[in-house]
>>> print(open('entry_8.cif').read())   # mmCIF, C-alpha atoms
data_protein
#
loop_
_atom_site.group_PDB
_atom_site.id
_atom_site.type_symbol
_atom_site.label_atom_id
_atom_site.label_comp_id
_atom_site.auth_asym_id
_atom_site.auth_seq_id
_atom_site.Cartn_x
_atom_site.Cartn_y
_atom_site.Cartn_z
ATOM 1 C CA MET A 1 0.000 0.000 0.000
ATOM 2 C CA SER A 2 1.197 3.442 -0.878
ATOM 3 C CA MET A 3 2.046 5.499 2.174
ATOM 4 C CA LEU A 4 0.481 8.496 0.419
ATOM 5 C CA ARG A 5 -3.009 7.052 0.822
ATOM 6 C CA PHE A 6 -5.137 8.533 3.557
ATOM 7 C CA ASP A 7 -5.665 5.067 4.981
ATOM 8 C CA ALA A 8 -1.998 4.075 5.043
ATOM 9 C CA PRO A 9 -0.944 2.821 8.467
ATOM 10 C CA ILE A 10 1.307 5.509 9.860
ATOM 11 C CA GLU A 11 1.532 4.762 13.532
ATOM 12 C CA THR A 12 5.212 4.822 14.375
ATOM 13 C CA ARG A 13 8.178 7.027 13.704
ATOM 14 C CA ALA A 14 9.460 4.405 11.263
ATOM 15 C CA ASP A 15 6.148 4.573 9.404
ATOM 16 C CA PHE A 16 6.465 8.343 9.190
ATOM 17 C CA VAL A 17 9.980 8.025 7.807
ATOM 18 C CA ARG A 18 8.667 5.662 5.133
ATOM 19 C CA PHE A 19 5.930 8.140 4.357
ATOM 20 C CA LEU A 20 8.368 11.023 3.930
ATOM 21 C CA ARG A 21 10.637 8.949 1.741
ATOM 22 C CA GLU A 22 7.732 8.017 -0.492
ATOM 23 C CA MET A 23 6.702 11.661 -0.642
ATOM 24 C CA ALA A 24 10.201 12.607 -1.742
ATOM 25 C CA ALA A 25 10.230 9.896 -4.374
ATOM 26 C CA ASP A 26 6.835 10.996 -5.631
ATOM 27 C CA PHE A 27 8.050 14.561 -5.978
ATOM 28 C CA GLU A 28 11.006 13.421 -8.040
ATOM 29 C CA GLN A 29 8.871 11.215 -10.272
ATOM 30 C CA ASN A 30 5.660 13.225 -10.402
ATOM 31 C CA PRO A 31 6.328 16.908 -9.707
ATOM 32 C CA ASP A 32 3.283 17.962 -11.734
ATOM 33 C CA GLY A 33 1.083 16.185 -9.240
ATOM 34 C CA TRP A 34 2.117 18.599 -6.514
ATOM 35 C CA GLU A 35 0.235 21.793 -5.795
ATOM 36 C CA PRO A 36 3.062 23.574 -3.925
ATOM 37 C CA ASP A 37 5.469 25.659 -5.923
ATOM 38 C CA GLY A 38 8.700 25.216 -4.050
ATOM 39 C CA ILE A 39 9.662 24.430 -0.505
ATOM 40 C CA GLY A 40 8.497 27.782 0.811
ATOM 41 C CA ASP A 41 5.051 27.310 -0.670
ATOM 42 C CA LEU A 42 4.923 23.782 0.714
ATOM 43 C CA LEU A 43 5.598 25.082 4.214
ATOM 44 C CA HIS A 44 2.949 27.778 3.843
ATOM 45 C CA ARG A 45 0.488 25.189 2.605
ATOM 46 C CA MET A 46 1.313 22.914 5.529
ATOM 47 C CA ALA A 47 0.566 25.788 7.900
ATOM 48 C CA PHE A 48 -2.704 26.440 6.096
ATOM 49 C CA TYR A 49 -3.801 22.813 5.928
ATOM 50 C CA ALA A 50 -3.023 22.359 9.601
ATOM 51 C CA SER A 51 -5.605 24.989 10.428
ATOM 52 C CA GLN A 52 -9.161 24.882 9.061
ATOM 53 C CA PRO A 53 -8.843 22.214 6.353
ATOM 54 C CA LEU A 54 -7.500 19.664 8.830
ATOM 55 C CA ASP A 55 -10.627 20.107 10.915
ATOM 56 C CA GLY A 56 -12.838 19.293 7.941
ATOM 57 C CA PHE A 57 -10.690 16.407 6.792
ATOM 58 C CA THR A 58 -10.564 14.880 10.237
ATOM 59 C CA ALA A 59 -14.312 15.207 10.710
ATOM 60 C CA ASN A 60 -15.007 13.640 7.330
ATOM 61 C CA MET A 61 -12.337 11.004 7.076
ATOM 62 C CA ARG A 62 -11.295 10.213 10.613
ATOM 63 C CA PRO A 63 -14.517 10.350 12.605
ATOM 64 C CA GLY A 64 -13.980 10.021 16.290
ATOM 65 C CA GLU A 65 -10.513 11.515 16.092
ATOM 66 C CA SER A 66 -9.464 15.033 16.947
ATOM 67 C CA ALA A 67 -7.428 17.358 14.789
ATOM 68 C CA GLU A 68 -5.959 18.676 18.021
ATOM 69 C CA GLN A 69 -4.415 15.360 18.939
ATOM 70 C CA ALA A 70 -0.857 15.112 17.646
ATOM 71 C CA SER A 71 0.199 11.811 16.152
ATOM 72 C CA TRP A 72 2.466 10.494 13.420
ATOM 73 C CA ARG A 73 -0.662 9.998 11.305
ATOM 74 C CA ARG A 74 -1.742 13.595 11.887
ATOM 75 C CA PHE A 75 1.703 14.892 10.902
ATOM 76 C CA ALA A 76 1.465 12.873 7.710
ATOM 77 C CA ASP A 77 -2.050 14.201 7.078
ATOM 78 C CA ILE A 78 -0.708 17.745 7.134
ATOM 79 C CA VAL A 79 2.117 17.036 4.708
ATOM 80 C CA ALA A 80 -0.041 14.973 2.376
ATOM 81 C CA GLY A 81 -2.823 17.526 2.532
ATOM 82 C CA ALA A 82 -0.452 20.324 1.637
ATOM 83 C CA ARG A 83 0.639 18.312 -1.385
ATOM 84 C CA VAL A 84 -2.803 18.019 -2.978
ATOM 85 C CA TYR A 85 -5.053 20.723 -1.520
ATOM 86 C CA GLU A 86 -6.223 23.112 -4.212
ATOM 87 C CA MET B 1 -35.733 23.836 3.690
ATOM 88 C CA ILE B 2 -33.333 25.072 1.128
ATOM 89 C CA ASP B 3 -32.172 28.540 1.882
ATOM 90 C CA ILE B 4 -31.084 29.626 -1.550
ATOM 91 C CA ALA B 5 -31.462 33.279 -0.687
ATOM 92 C CA ARG B 6 -28.626 33.239 1.782
ATOM 93 C CA ARG B 7 -26.288 31.932 -0.839
ATOM 94 C CA HIS B 8 -24.202 34.225 -2.927
ATOM 95 C CA VAL B 9 -23.595 32.943 -6.391
ATOM 96 C CA CYS B 10 -20.132 33.984 -7.377
ATOM 97 C CA SER B 11 -20.268 34.544 -11.100
ATOM 98 C CA ALA B 12 -17.246 35.355 -13.186
ATOM 99 C CA GLY B 13 -18.421 38.933 -13.136
ATOM 100 C CA ALA B 14 -18.425 38.862 -9.385
ATOM 101 C CA ILE B 15 -14.949 37.388 -9.384
ATOM 102 C CA TRP B 16 -13.642 40.134 -11.581
ATOM 103 C CA ARG B 17 -15.400 42.814 -9.596
ATOM 104 C CA ALA B 18 -13.802 41.422 -6.488
ATOM 105 C CA LEU B 19 -10.422 41.307 -8.175
ATOM 106 C CA LEU B 20 -10.820 44.886 -9.313
ATOM 107 C CA ALA B 21 -11.861 45.918 -5.863
ATOM 108 C CA ALA B 22 -8.784 44.269 -4.455
ATOM 109 C CA ALA B 23 -6.617 45.951 -7.043
ATOM 110 C CA VAL B 24 -7.730 49.362 -5.922
ATOM 111 C CA GLY B 25 -7.136 48.590 -2.333
ATOM 112 C CA LEU B 26 -10.625 47.802 -1.189
ATOM 113 C CA ILE B 27 -9.579 44.626 0.498
ATOM 114 C CA ALA B 28 -11.038 45.658 3.796
ATOM 115 C CA LEU B 29 -14.387 46.340 2.197
ATOM 116 C CA VAL B 30 -14.732 42.842 0.880
ATOM 117 C CA GLY B 31 -13.857 41.268 4.165
ATOM 118 C CA ILE B 32 -10.466 39.721 3.676
ATOM 119 C CA SER B 33 -8.697 39.129 6.919
ATOM 120 C CA PRO B 34 -5.830 36.941 7.984
ATOM 121 C CA LEU B 35 -7.023 33.391 8.184
ATOM 122 C CA GLY B 36 -7.681 32.172 11.638
ATOM 123 C CA SER B 37 -6.686 35.308 13.402
ATOM 124 C CA GLU B 38 -9.971 35.473 15.220
ATOM 125 C CA ALA B 39 -13.013 33.379 15.597
ATOM 126 C CA GLY B 40 -15.284 34.037 12.686
ATOM 127 C CA ALA B 41 -12.554 35.605 10.615
ATOM 128 C CA SER B 42 -12.590 34.663 6.976
ATOM 129 C CA HIS B 43 -10.085 34.822 4.181
ATOM 130 C CA ASP B 44 -12.721 34.236 1.575
ATOM 131 C CA ILE B 45 -14.355 36.695 -0.734
ATOM 132 C CA CYS B 46 -17.436 34.844 -1.739
ATOM 133 C CA ASP B 47 -19.225 31.568 -1.645
ATOM 134 C CA TYR B 48 -19.467 29.755 -4.903
ATOM 135 C CA ASP B 49 -22.592 27.743 -5.340
ATOM 136 C CA ASN B 50 -23.293 25.258 -7.997
ATOM 137 C CA PRO B 51 -25.912 27.011 -10.049
ATOM 138 C CA ILE B 52 -28.076 23.998 -10.471
ATOM 139 C CA TYR B 53 -29.498 22.254 -7.467
ATOM 140 C CA ASP B 54 -32.229 19.804 -6.878
ATOM 141 C CA GLY B 55 -33.889 19.101 -3.604
ATOM 142 C CA ALA B 56 -31.987 15.922 -2.943
ATOM 143 C CA ARG B 57 -28.689 17.651 -3.193
ATOM 144 C CA HIS B 58 -29.655 19.936 -0.367
ATOM 145 C CA ASP B 59 -30.401 17.269 2.148
ATOM 146 C CA PHE B 60 -27.361 18.345 4.092
ATOM 147 C CA ASP B 61 -28.793 21.830 4.386
ATOM 148 C CA ASP B 62 -32.101 20.694 5.749
ATOM 149 C CA PRO B 63 -32.234 21.667 9.408
ATOM 150 C CA ALA B 64 -34.174 18.493 9.995
ATOM 151 C CA ASN B 65 -31.043 16.576 9.138
ATOM 152 C CA LEU B 66 -28.623 18.548 11.230
ATOM 153 C CA SER B 67 -28.852 16.299 14.212
ATOM 154 C CA GLN B 68 -29.603 13.205 12.263
ATOM 155 C CA THR B 69 -27.151 10.374 12.220
ATOM 156 C CA SER B 70 -27.263 8.232 9.151
ATOM 157 C CA THR B 71 -25.456 4.966 8.953
ATOM 158 C CA ALA B 72 -25.260 3.041 5.758
ATOM 159 C CA THR B 73 -23.689 -0.252 4.939
ATOM 160 C CA PRO B 74 -22.383 -1.396 1.593
ATOM 161 C CA SER B 75 -25.512 -3.391 1.031
ATOM 162 C CA GLU B 76 -27.580 -0.329 1.679
ATOM 163 C CA GLY B 77 -25.564 2.003 -0.454
ATOM 164 C CA ARG B 78 -25.808 2.211 -4.159
ATOM 165 C CA LEU B 79 -22.964 0.116 -5.408
ATOM 166 C CA SER B 80 -21.720 0.471 -8.908
ATOM 167 C CA GLY B 81 -18.760 -1.753 -9.327
ATOM 168 C CA ALA B 82 -16.583 -3.277 -6.676
ATOM 169 C CA THR B 83 -16.063 -1.551 -3.377
ATOM 170 C CA CYS B 84 -12.625 -0.327 -2.573
ATOM 171 C CA GLY B 85 -12.782 -1.806 0.871
ATOM 172 C CA ILE B 86 -11.869 1.551 2.310
ATOM 173 C CA ASP B 87 -13.219 2.401 5.723
ATOM 174 C CA PHE B 88 -14.592 5.711 4.620
ATOM 175 C CA GLY B 89 -16.296 6.829 7.777
ATOM 176 C CA ARG B 90 -17.130 10.433 7.252
ATOM 177 C CA SER B 91 -19.428 13.249 8.155
ATOM 178 C CA PHE B 92 -19.792 15.352 5.073
ATOM 179 C CA GLY B 93 -21.480 18.294 6.616
ATOM 180 C CA HIS B 94 -23.865 17.212 9.263
ATOM 181 C CA GLN B 95 -24.448 13.601 8.446
ATOM 182 C CA ARG B 96 -21.997 10.990 9.584
ATOM 183 C CA LEU B 97 -21.869 8.081 7.224
ATOM 184 C CA THR B 98 -19.958 4.890 7.649
ATOM 185 C CA ALA B 99 -20.514 3.106 4.390
ATOM 186 C CA ASP B 100 -17.713 1.498 2.498
ATOM 187 C CA PHE B 101 -16.449 3.647 -0.260
ATOM 188 C CA VAL B 102 -18.187 2.978 -3.527
ATOM 189 C CA ALA B 103 -15.884 2.457 -6.432
ATOM 190 C CA PRO B 104 -16.196 4.914 -9.249
ATOM 191 C CA ARG B 105 -18.325 4.103 -12.217
ATOM 192 C CA PRO B 106 -16.184 3.074 -15.186
ATOM 193 C CA THR B 107 -17.483 5.857 -17.354
ATOM 194 C CA SER B 108 -16.336 9.169 -18.696
ATOM 195 C CA GLY B 109 -17.840 11.931 -20.768
ATOM 196 C CA PHE B 110 -19.517 15.213 -19.930
ATOM 197 C CA ILE B 111 -21.697 16.010 -16.948
ATOM 198 C CA ASP B 112 -23.755 18.930 -15.709
ATOM 199 C CA PRO B 113 -21.573 20.707 -13.119
ATOM 200 C CA GLY B 114 -24.654 21.026 -10.955
ATOM 201 C CA ASP B 115 -24.739 17.277 -10.547
ATOM 202 C CA VAL B 116 -21.344 17.182 -8.865
ATOM 203 C CA ARG B 117 -20.442 18.099 -5.292
ATOM 204 C CA PHE B 118 -17.283 19.789 -4.148
ATOM 205 C CA SER B 119 -14.860 17.877 -1.963
ATOM 206 C CA GLN B 120 -13.083 20.886 -0.511
ATOM 207 C CA ALA B 121 -14.492 23.573 1.750
ATOM 208 C CA ASP B 122 -12.501 26.168 -0.141
ATOM 209 C CA ALA B 123 -10.216 26.406 -3.139
ATOM 210 C CA SER B 124 -7.743 28.828 -4.568
ATOM 211 C CA LEU B 125 -8.711 31.035 -7.485
ATOM 212 C CA ASN B 126 -5.414 30.163 -9.118
ATOM 213 C CA PHE B 127 -4.333 26.950 -10.747
ATOM 214 C CA SER B 128 -0.979 25.592 -9.689
ATOM 215 C CA ASN B 129 0.294 25.505 -13.260
ATOM 216 C CA GLY B 130 -0.813 29.025 -14.128
ATOM 217 C CA GLY B 131 -4.098 30.624 -15.027
ATOM 218 C CA ASN B 132 -7.081 30.946 -12.803
ATOM 219 C CA VAL B 133 -10.671 29.903 -12.435
ATOM 220 C CA SER B 134 -12.015 33.171 -13.751
ATOM 221 C CA ASP B 135 -9.984 33.019 -16.949
ATOM 222 C CA LEU B 136 -11.071 29.451 -17.586
ATOM 223 C CA SER B 137 -14.695 30.342 -16.967
ATOM 224 C CA ALA B 138 -14.537 33.329 -19.287
ATOM 225 C CA GLY B 139 -12.837 31.283 -21.990
ATOM 226 C CA LEU B 140 -15.468 28.587 -21.764
ATOM 227 C CA ARG B 141 -18.286 31.096 -21.978
ATOM 228 C CA SER B 142 -16.823 32.923 -24.946
ATOM 229 C CA GLY B 143 -15.949 29.757 -26.773
ATOM 230 C CA ALA B 144 -12.268 30.578 -26.802
ATOM 231 C CA ILE B 145 -11.630 27.418 -24.818
ATOM 232 C CA ASP B 146 -12.963 24.102 -26.047
ATOM 233 C CA PRO B 147 -14.244 22.084 -23.075
ATOM 234 C CA SER B 148 -12.760 19.001 -24.677
ATOM 235 C CA ASP B 149 -9.319 20.545 -24.337
ATOM 236 C CA VAL B 150 -9.635 20.819 -20.567
ATOM 237 C CA PRO B 151 -8.484 17.815 -18.552
ATOM 238 C CA PRO B 152 -11.522 15.968 -17.229
ATOM 239 C CA ILE B 153 -12.410 16.358 -13.600
ATOM 240 C CA ARG B 154 -12.109 13.162 -11.622
ATOM 241 C CA LEU B 155 -15.219 12.002 -9.840
ATOM 242 C CA ALA B 156 -15.740 9.814 -6.818
ATOM 243 C CA GLU B 157 -19.120 8.300 -6.091
ATOM 244 C CA ILE B 158 -19.919 8.154 -2.425
ATOM 245 C CA ASP B 159 -23.265 6.823 -1.306
ATOM 246 C CA GLY B 160 -24.707 7.642 -4.680
ATOM 247 C CA GLN B 161 -23.389 11.203 -4.704
ATOM 248 C CA LEU B 162 -20.716 12.397 -7.077
ATOM 249 C CA PHE B 163 -17.831 14.405 -5.615
ATOM 250 C CA THR B 164 -15.056 16.003 -7.612
ATOM 251 C CA LEU B 165 -11.390 15.706 -6.831
ATOM 252 C CA ASP B 166 -10.767 18.744 -9.039
ATOM 253 C CA ASN B 167 -12.682 21.552 -7.444
ATOM 254 C CA ARG B 168 -11.340 24.542 -9.377
ATOM 255 C CA ARG B 169 -12.246 23.161 -12.773
ATOM 256 C CA LEU B 170 -15.717 22.343 -11.503
ATOM 257 C CA ILE B 171 -16.099 25.912 -10.266
ATOM 258 C CA ALA B 172 -15.073 27.280 -13.656
ATOM 259 C CA PHE B 173 -17.409 25.048 -15.643
ATOM 260 C CA GLY B 174 -20.242 25.652 -13.222
ATOM 261 C CA ASP B 175 -19.721 29.373 -13.464
ATOM 262 C CA ALA B 176 -19.671 29.197 -17.247
ATOM 263 C CA GLY B 177 -22.707 26.959 -17.330
ATOM 264 C CA VAL B 178 -20.945 24.482 -19.550
ATOM 265 C CA PRO B 179 -21.005 20.686 -19.190
ATOM 266 C CA VAL B 180 -17.712 19.553 -17.717
ATOM 267 C CA PRO B 181 -15.647 16.657 -19.042
ATOM 268 C CA TYR B 182 -15.177 13.994 -16.401
ATOM 269 C CA ARG B 183 -13.843 10.574 -15.745
ATOM 270 C CA MET B 184 -14.317 8.399 -12.724
ATOM 271 C CA ALA B 185 -11.315 8.433 -10.426
ATOM 272 C CA THR B 186 -9.488 5.254 -9.617
ATOM 273 C CA PRO B 187 -9.590 3.949 -6.044
ATOM 274 C CA ASP B 188 -5.920 4.856 -5.605
ATOM 275 C CA GLU B 189 -6.532 8.396 -6.837
ATOM 276 C CA ILE B 190 -9.368 8.780 -4.376
ATOM 277 C CA ALA B 191 -7.312 7.432 -1.501
ATOM 278 C CA VAL B 192 -4.406 9.760 -2.260
ATOM 279 C CA ASP B 193 -6.644 12.795 -2.834
ATOM 280 C CA ALA B 194 -8.879 12.019 0.138
ATOM 281 C CA PHE B 195 -7.140 14.850 1.960
ATOM 282 C CA LYS B 196 -9.280 17.175 -0.150
ATOM 283 C CA PHE B 197 -12.452 16.076 1.590
ATOM 284 C CA THR B 198 -12.687 19.063 3.873
ATOM 285 C CA THR B 199 -16.217 20.141 2.995
ATOM 286 C CA THR B 200 -18.476 20.893 5.914
ATOM 287 C CA ASN B 201 -21.720 21.161 3.973
ATOM 288 C CA GLY B 202 -21.849 17.994 1.960
ATOM 289 C CA GLY B 203 -20.081 19.606 -0.953
ATOM 290 C CA THR B 204 -23.021 21.773 -1.942
ATOM 291 C CA SER B 205 -20.918 24.918 -2.037
ATOM 292 C CA ILE B 206 -17.316 26.004 -1.896
ATOM 293 C CA GLN B 207 -15.519 29.157 -0.905
ATOM 294 C CA LEU B 208 -13.184 30.637 -3.462
ATOM 295 C CA ARG B 209 -9.966 32.117 -2.161
ATOM 296 C CA LEU B 210 -8.941 35.102 -4.259
ATOM 297 C CA PHE B 211 -5.592 35.406 -2.574
ATOM 298 C CA SER B 212 -3.198 32.764 -1.485
ATOM 299 C CA PRO B 213 -3.945 31.744 2.074
ATOM 300 C CA PHE B 214 -0.477 30.371 2.271
ATOM 301 C CA ARG B 215 0.954 33.780 3.011
ATOM 302 C CA TYR B 216 -1.219 34.476 5.967
ATOM 303 C CA GLN B 217 0.337 35.280 9.282
ATOM 304 C CA GLY B 218 -0.911 33.647 12.378
ATOM 305 C CA GLY B 219 -1.445 30.273 13.879
ATOM 306 C CA PRO B 220 -4.299 27.852 13.952
ATOM 307 C CA ARG B 221 -7.696 29.131 14.880
#
>>> encode(input="entry_8.cif", output="structure tokens")
Amino acid sequence: MSMLRFDAPIETRADFVRFLREMAADFEQNPDGWEPDGIGDLLHRMAFYASQPLDGFTANMRPGESAEQASWRRFADIVAGARVYE
Amino acid sequence: MIDIARRHVCSAGAIWRALLAAAVGLIALVGISPLGSEAGASHDICDYDNPIYDGARHDFDDPANLSQTSTATPSEGRLSGATCGIDFGRSFGHQRLTADFVAPRPTSGFIDPGDVRFSQADASLNFSNGGNVSDLSAGLRSGAIDPSDVPPIRLAEIDGQLFTLDNRRLIAFGDAGVPVPYRMATPDEIAVDAFKFTTTNGGTSIQLRLFSPFRYQGGPR
């Protein structure tokens, strides 16, 4: 299973490392599939996604969980969200 | 009841008026404020509404449904093709659904933009590869842009409702009143783009960001 999927199991630090490595590989192979324009834009988008959009995503896709609760999965949600959010 | 009156249809003309207003420094008048700086603050100019609605599509807006909990199972949902097996528990707007994700229909073609829901709560005016929603809408209306030349929006069918993974193109085609080319998304595409499902109203409307929210100053709400 791709670690970029929303339902990928990212529970440990090792999982998160795998996720980041797959993100990096995806950027090298599929840069057109990324919304951010550069590392600065990616960071801005991460900050944005971590605010209101994360609330909506969590409510829709992770019912019963809280966007306030930090976890390796939540960190990955923010990075992955920043990659695709229009 | 459907409260159409409270909705503000953001036509291309409205977009351009807002852009012009911004250009002459009337930002404060149209309500732009740093995202999340205060409760109730908004970075959005206007709500975009799909121009064509039917009653069913507004179920999420019906106050009678606000406190309603709806649970569906794969056997209850409208299946068209194999299920992805994704635990797609979600609460698009006010209803919390727990049905398995329904695989996209293996079809493509053109569809009325009003028949498709938005996945995101908001979207940027600008495309990542250049251009913007307003330009695309104007080009479609004038005929300068052939709809067939625009990449099809990808659709996901969830509990019988169609959601787009490509919100900006849907906004443009809806604004232009032109049927939008589409194809059903693959299960992998849906799973990777699931982070776009931030809508809080069942995808019946979307807020269009005229300026990049990625430059805002301030922390989470």
>>> closest_residue(input="entry_8.cif", among="B:Ser108, B:Ser142, B:Ser128, B:Gln207", to="Asp41 in chain A", atoms="all atoms listed in the file")
B:Ser128
>>> axis_aligned_box(input="entry_8.cif", around="range 129-140 of chain B", padding_each_side="8 Å", output="AutoDock Vina command-line options")
--center_x -7.6 --center_y 29.4 --center_z -17.2 --size_x 31.8 --size_y 23.8 --size_z 25.6
>>> interface_residues(input="entry_8.cif", of="chain A", to="chain B", cutoff="10 Å", atoms="all atoms listed in the file", output="NGL selection string")
:A and (1-8 or 32-37 or 40-64 or 77-86)
>>> write_last_selection(input="entry_8.cif", atoms="C-alpha atoms", output="PDB file, keeping the file's coordinate frame")
ATOM      1  CA  MET A   1       0.000   0.000   0.000  1.00  0.00           C
ATOM      2  CA  SER A   2       1.197   3.442  -0.878  1.00  0.00           C
ATOM      3  CA  MET A   3       2.046   5.499   2.174  1.00  0.00           C
ATOM      4  CA  LEU A   4       0.481   8.496   0.419  1.00  0.00           C
ATOM      5  CA  ARG A   5      -3.009   7.052   0.822  1.00  0.00           C
ATOM      6  CA  PHE A   6      -5.137   8.533   3.557  1.00  0.00           C
ATOM      7  CA  ASP A   7      -5.665   5.067   4.981  1.00  0.00           C
ATOM      8  CA  ALA A   8      -1.998   4.075   5.043  1.00  0.00           C
ATOM      9  CA  ASP A  32       3.283  17.962 -11.734  1.00  0.00           C
ATOM     10  CA  GLY A  33       1.083  16.185  -9.240  1.00  0.00           C
ATOM     11  CA  TRP A  34       2.117  18.599  -6.514  1.00  0.00           C
ATOM     12  CA  GLU A  35       0.235  21.793  -5.795  1.00  0.00           C
ATOM     13  CA  PRO A  36       3.062  23.574  -3.925  1.00  0.00           C
ATOM     14  CA  ASP A  37       5.469  25.659  -5.923  1.00  0.00           C
ATOM     15  CA  GLY A  40       8.497  27.782   0.811  1.00  0.00           C
ATOM     16  CA  ASP A  41       5.051  27.310  -0.670  1.00  0.00           C
ATOM     17  CA  LEU A  42       4.923  23.782   0.714  1.00  0.00           C
ATOM     18  CA  LEU A  43       5.598  25.082   4.214  1.00  0.00           C
ATOM     19  CA  HIS A  44       2.949  27.778   3.843  1.00  0.00           C
ATOM     20  CA  ARG A  45       0.488  25.189   2.605  1.00  0.00           C
ATOM     21  CA  MET A  46       1.313  22.914   5.529  1.00  0.00           C
ATOM     22  CA  ALA A  47       0.566  25.788   7.900  1.00  0.00           C
ATOM     23  CA  PHE A  48      -2.704  26.440   6.096  1.00  0.00           C
ATOM     24  CA  TYR A  49      -3.801  22.813   5.928  1.00  0.00           C
ATOM     25  CA  ALA A  50      -3.023  22.359   9.601  1.00  0.00           C
ATOM     26  CA  SER A  51      -5.605  24.989  10.428  1.00  0.00           C
ATOM     27  CA  GLN A  52      -9.161  24.882   9.061  1.00  0.00           C
ATOM     28  CA  PRO A  53      -8.843  22.214   6.353  1.00  0.00           C
ATOM     29  CA  LEU A  54      -7.500  19.664   8.830  1.00  0.00           C
ATOM     30  CA  ASP A  55     -10.627  20.107  10.915  1.00  0.00           C
ATOM     31  CA  GLY A  56     -12.838  19.293   7.941  1.00  0.00           C
ATOM     32  CA  PHE A  57     -10.690  16.407   6.792  1.00  0.00           C
ATOM     33  CA  THR A  58     -10.564  14.880  10.237  1.00  0.00           C
ATOM     34  CA  ALA A  59     -14.312  15.207  10.710  1.00  0.00           C
ATOM     35  CA  ASN A  60     -15.007  13.640   7.330  1.00  0.00           C
ATOM     36  CA  MET A  61     -12.337  11.004   7.076  1.00  0.00           C
ATOM     37  CA  ARG A  62     -11.295  10.213  10.613  1.00  0.00           C
ATOM     38  CA  PRO A  63     -14.517  10.350  12.605  1.00  0.00           C
ATOM     39  CA  GLY A  64     -13.980  10.021  16.290  1.00  0.00           C
ATOM     40  CA  ASP A  77      -2.050  14.201   7.078  1.00  0.00           C
ATOM     41  CA  ILE A  78      -0.708  17.745   7.134  1.00  0.00           C
ATOM     42  CA  VAL A  79       2.117  17.036   4.708  1.00  0.00           C
ATOM     43  CA  ALA A  80      -0.041  14.973   2.376  1.00  0.00           C
ATOM     44  CA  GLY A  81      -2.823  17.526   2.532  1.00  0.00           C
ATOM     45  CA  ALA A  82      -0.452  20.324   1.637  1.00  0.00           C
ATOM     46  CA  ARG A  83       0.639  18.312  -1.385  1.00  0.00           C
ATOM     47  CA  VAL A  84      -2.803  18.019  -2.978  1.00  0.00           C
ATOM     48  CA  TYR A  85      -5.053  20.723  -1.520  1.00  0.00           C
ATOM     49  CA  GLU A  86      -6.223  23.112  -4.212  1.00  0.00           C
TER      50      GLU A  86
END
>>> residues_around(input="entry_8.cif", residues="Val17 in chain A", least_positions_apart="5", cutoff="10 Å", atoms="all atoms listed in the file", output="list in words")
Ile10, Thr12, Glu22, Met23, Trp72 and Ala76 of chain A
>>> atom_distance(input="entry_8.cif", atom1="CA of Leu170 in chain B", atom2="CA of Asp112 in chain B")
9.7 Å
>>> atom_distance(input="entry_8.cif", atom1="CA of Pro147 in chain B", atom2="CA of Leu210 in chain B")
23.5 Å
>>> atom_distance(input="entry_8.cif", atom1="CA of Phe19 in chain A", atom2="CA of Ser66 in chain A")
21.0 Å
>>> resolve_selection(input="entry_8.cif", expression="the PyMOL selection byres ((chain B and resi 177) around 9)", output="ChimeraX atom specification")
/B:51,112-114,137,140-141,172-176,178-180
>>> build_atoms(input="entry_8.cif", residues="range 25-35 of chain A", atoms="N, CA and C atoms", output="JSON list (two decimals), in the coordinates of the input")
[["chain", "number", "residue", "atom", "x", "y", "z"],
["A", 25, "ALA", "N", 10.14, 10.63, -3.11],
["A", 25, "ALA", "CA", 10.23, 9.90, -4.37],
["A", 25, "ALA", "C", 9.13, 10.33, -5.33],
["A", 26, "ASP", "N", 7.95, 10.56, -4.79],
["A", 26, "ASP", "CA", 6.84, 11.00, -5.63],
["A", 26, "ASP", "C", 7.12, 12.36, -6.24],
["A", 27, "PHE", "N", 7.73, 13.23, -5.46],
["A", 27, "PHE", "CA", 8.05, 14.56, -5.98],
["A", 27, "PHE", "C", 9.05, 14.47, -7.12],
["A", 28, "GLU", "N", 10.01, 13.57, -6.98],
["A", 28, "GLU", "CA", 11.01, 13.42, -8.04],
["A", 28, "GLU", "C", 10.40, 12.82, -9.31],
["A", 29, "GLN", "N", 9.44, 11.92, -9.12],
["A", 29, "GLN", "CA", 8.87, 11.22, -10.27],
["A", 29, "GLN", "C", 7.63, 11.89, -10.84],
["A", 30, "ASN", "N", 6.94, 12.66, -9.99],
["A", 30, "ASN", "CA", 5.66, 13.22, -10.40],
["A", 30, "ASN", "C", 5.50, 14.65, -9.88],
["A", 31, "PRO", "N", 6.40, 15.54, -10.25],
["A", 31, "PRO", "CA", 6.33, 16.91, -9.71],
["A", 31, "PRO", "C", 5.06, 17.64, -10.13],
["A", 32, "ASP", "N", 4.50, 17.28, -11.28],
["A", 32, "ASP", "CA", 3.28, 17.96, -11.73],
["A", 32, "ASP", "C", 2.07, 17.62, -10.87],
["A", 33, "GLY", "N", 2.19, 16.57, -10.10],
["A", 33, "GLY", "CA", 1.08, 16.18, -9.24],
["A", 33, "GLY", "C", 1.07, 16.93, -7.92],
["A", 34, "TRP", "N", 2.01, 17.84, -7.76],
["A", 34, "TRP", "CA", 2.12, 18.60, -6.51],
["A", 34, "TRP", "C", 1.56, 20.00, -6.71],
["A", 35, "GLU", "N", 0.76, 20.42, -5.77],
["A", 35, "GLU", "CA", 0.24, 21.79, -5.80],
["A", 35, "GLU", "C", 1.29, 22.82, -5.39]]
